[in-house]
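This report refers to the structure that appears directly beneath it.
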Amino acid sequence: MWTLKMVGLGALALSLSLEVLCRLFHRLRPVKALNEVHFFPSEVACVERIFTPSSTHLCSCPLPHGVDTSFSRLLRHVLSASSSMDLCIFSFSNMDLCRAVLALHRRGVTIRVLTDKDYAAITGSQIGALRKAGICVRCSVGSGYMHHKFTVLDGRLLITGSLNWTLSAVQGNAENVVVTDQPELVQPFMKEFHRLWELNEPAGNVSTRANHR
Ligand SMILES: [Zn+2]
């Protein structure tokens with residue numbers, strides 16, 4: 001009886017230590033970093049499925065379907081945001097990217113957009129549509145262009161490169177986009193976004209805030 005008890009306890013101790021070791025291994029195992037490079041112009045393909053993944057409706061538009069492109073990957077990354085999106089973009093006229101940002105906004109993702117004051121007003125700019133939807137937009141107040149093209153999603157994923165969020169850039173230009181979740185790259189971009197966001201605070205808000213001090 002005593003031997004049986006000892007064997008039972010030994011087996012229990014062994015399984016417990018195996019579980020502890022297992023958990024430790026999983027915790028210490030490095031999570032695979034996300035690093036992607038995409039080049040443009042992108043192949044032109046239908047992106048409807050990306051917006052409505054659960055829909056059973058088959059799209060009948062003339063574009064190729066089920067094709068993975070640089071643009072479809074970019075869209076998927078943008079739509080992966082679940083809590084926040086900080087976007088610094090020089091020119092924003094791409095309707096699909098606008099649709100993606102509006103979809104995030106409807107999902108409750110906190111969005112801040114910083115853009116160039118001159119390009120926000122050009123024909124085809126989607127900045128007005130974002131504002132109309134209630135998304136917080138600030139325009140640069142400096143004399144130089146606000147020429148960045150980057151976004152940080154959920155404070156963990158950086159999308160940056162030469163690509164303006166325009167149709168001509170996506171379909172016509174030689175451009176690059178890097179997607180990474182490496183903290184040493186994401187953090188400086190977050191810091192720079194916060195710096196620029198504060199720097200370009202509308203004058204009205206500054207005085208309101210000062211009055212409340
Ligand atoms: Zn289609």
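How things are named: the first chain in the structure tokens is A, the next is B, and so on; residues count from 1 in each chain; ligands count from 1 in the order shown.
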Could you list, as a list in words, all residues that come within 8 Å of ligand 1? Count only C-alpha atoms and all ligand atoms. Ala45, Cys46, Val47, Glu48, Arg49, Leu58, Cys59, Ser60, Cys61, Pro62, Leu63, Pro64 and His65 of chain A
Take the residues from that selection and put them in a file with N, CA and C atoms, as a compact mmCIF listing (two decimals), in the first residue's frame.
# COMPACT_ATOMS: atom_id res chain seq x y z
N ALA A 45 -6.57 43.35 -58.50
CA ALA A 45 -7.46 42.22 -58.23
C ALA A 45 -8.60 42.68 -57.33
N CYS A 46 -9.67 41.91 -57.31
CA CYS A 46 -10.83 42.27 -56.49
C CYS A 46 -10.49 42.09 -55.00
N VAL A 47 -10.91 43.08 -54.19
CA VAL A 47 -10.61 43.00 -52.75
C VAL A 47 -11.89 42.85 -51.92
N GLU A 48 -13.00 42.62 -52.61
CA GLU A 48 -14.30 42.54 -51.93
C GLU A 48 -14.29 41.50 -50.80
N ARG A 49 -13.69 40.35 -51.08
CA ARG A 49 -13.65 39.25 -50.12
C ARG A 49 -12.96 39.66 -48.81
N LEU A 58 -21.04 35.66 -54.21
CA LEU A 58 -19.88 35.64 -55.09
C LEU A 58 -19.83 36.95 -55.89
N CYS A 59 -18.71 37.63 -55.79
CA CYS A 59 -18.58 38.91 -56.48
C CYS A 59 -18.52 38.67 -57.99
N SER A 60 -19.26 39.51 -58.73
CA SER A 60 -19.30 39.29 -60.19
C SER A 60 -18.55 40.38 -60.95
N CYS A 61 -17.72 41.14 -60.23
CA CYS A 61 -16.98 42.21 -60.92
C CYS A 61 -15.94 41.60 -61.87
N PRO A 62 -15.51 42.37 -62.87
CA PRO A 62 -14.62 41.78 -63.89
C PRO A 62 -13.17 41.57 -63.43
N LEU A 63 -12.82 42.00 -62.25
CA LEU A 63 -11.42 41.86 -61.79
C LEU A 63 -11.13 40.41 -61.40
N PRO A 64 -9.83 40.01 -61.43
CA PRO A 64 -9.49 38.66 -60.98
C PRO A 64 -9.82 38.47 -59.50
N HIS A 65 -10.27 37.27 -59.13
CA HIS A 65 -10.63 36.98 -57.74
C HIS A 65 -9.71 35.94 -57.13
Pro183 (chain A) surroundings by only C-alpha atoms, 9 Å radius, close-in-sequence under 5 positions cut, as an NGL selection string: :A and (156-157 or 188)
Write the residues of the selection above to a file with N, CA and C atoms, as a PDB file, in the first residue's frame.
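Below is the file again.pdb, written as the result:
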ATOM      1  N   ARG A 156       1.516  48.054 -32.017  1.00  0.00           N
ATOM      2  CA  ARG A 156       2.395  46.882 -32.157  1.00  0.00           C
ATOM      3  C   ARG A 156       2.819  46.586 -33.589  1.00  0.00           C
ATOM      4  N   LEU A 157       2.095  47.116 -34.566  1.00  0.00           N
ATOM      5  CA  LEU A 157       2.422  46.796 -35.950  1.00  0.00           C
ATOM      6  C   LEU A 157       2.651  48.078 -36.739  1.00  0.00           C
ATOM      7  N   PRO A 188       9.925  53.947 -32.075  1.00  0.00           N
ATOM      8  CA  PRO A 188      10.277  55.304 -32.529  1.00  0.00           C
ATOM      9  C   PRO A 188       9.191  55.938 -33.391  1.00  0.00           C
TER      10      PRO A 188
END
Can you tell me which residues surround Leu130 (chain A) at a distance of at most 10 Å, considering only C-alpha atoms, apart from same-chain residues fewer than 3 positions away, and format the answer as number ranges by chain? A: 98-99, 101-102, 105, 111, 113, 125-127, 133-137
Run DSSP on the backbone and grab whatever in region 30-208 of chain A lands in helix (DSSP H, G or I); send it over as an MDAnalysis selection string. chainID A and resid 48:51 70:79 95:107 119:121 127:132 167:171 183:199 203:208
I need the residues of region 12-196 of chain A that end up classed as strand (DSSP E) by DSSP on the backbone, written out as number ranges by chain. A: 35-40, 84-89, 110-115, 136-139, 149-153, 157-161, 175-180
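You can rank A:Arg112, A:His57, A:Arg195, A:Arg73 by their closest distance to Val37 (chain A) using only C-alpha atoms, and at the top of that list sits A:Arg73.
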Find the residues around Val141 (chain A) up to 12 Å (only C-alpha atoms counted), leave out those fewer than 6 positions away in its own chain, and share them as JSON, numbers by chain. {"A": [114, 115, 116, 117, 118, 196, 197, 198, 199, 200, 201, 202, 203]}
I'd like the contact shell of Ser80 (chain A) - 12 Å cut-off, only C-alpha atoms, skipping same-chain residues fewer than 3 positions apart - returned as JSON, numbers by chain. {"A": [50, 51, 73, 74, 75, 76, 77, 83, 84, 85, 100, 101, 103, 104, 107, 109, 152, 153, 154, 156, 157, 158, 159]}
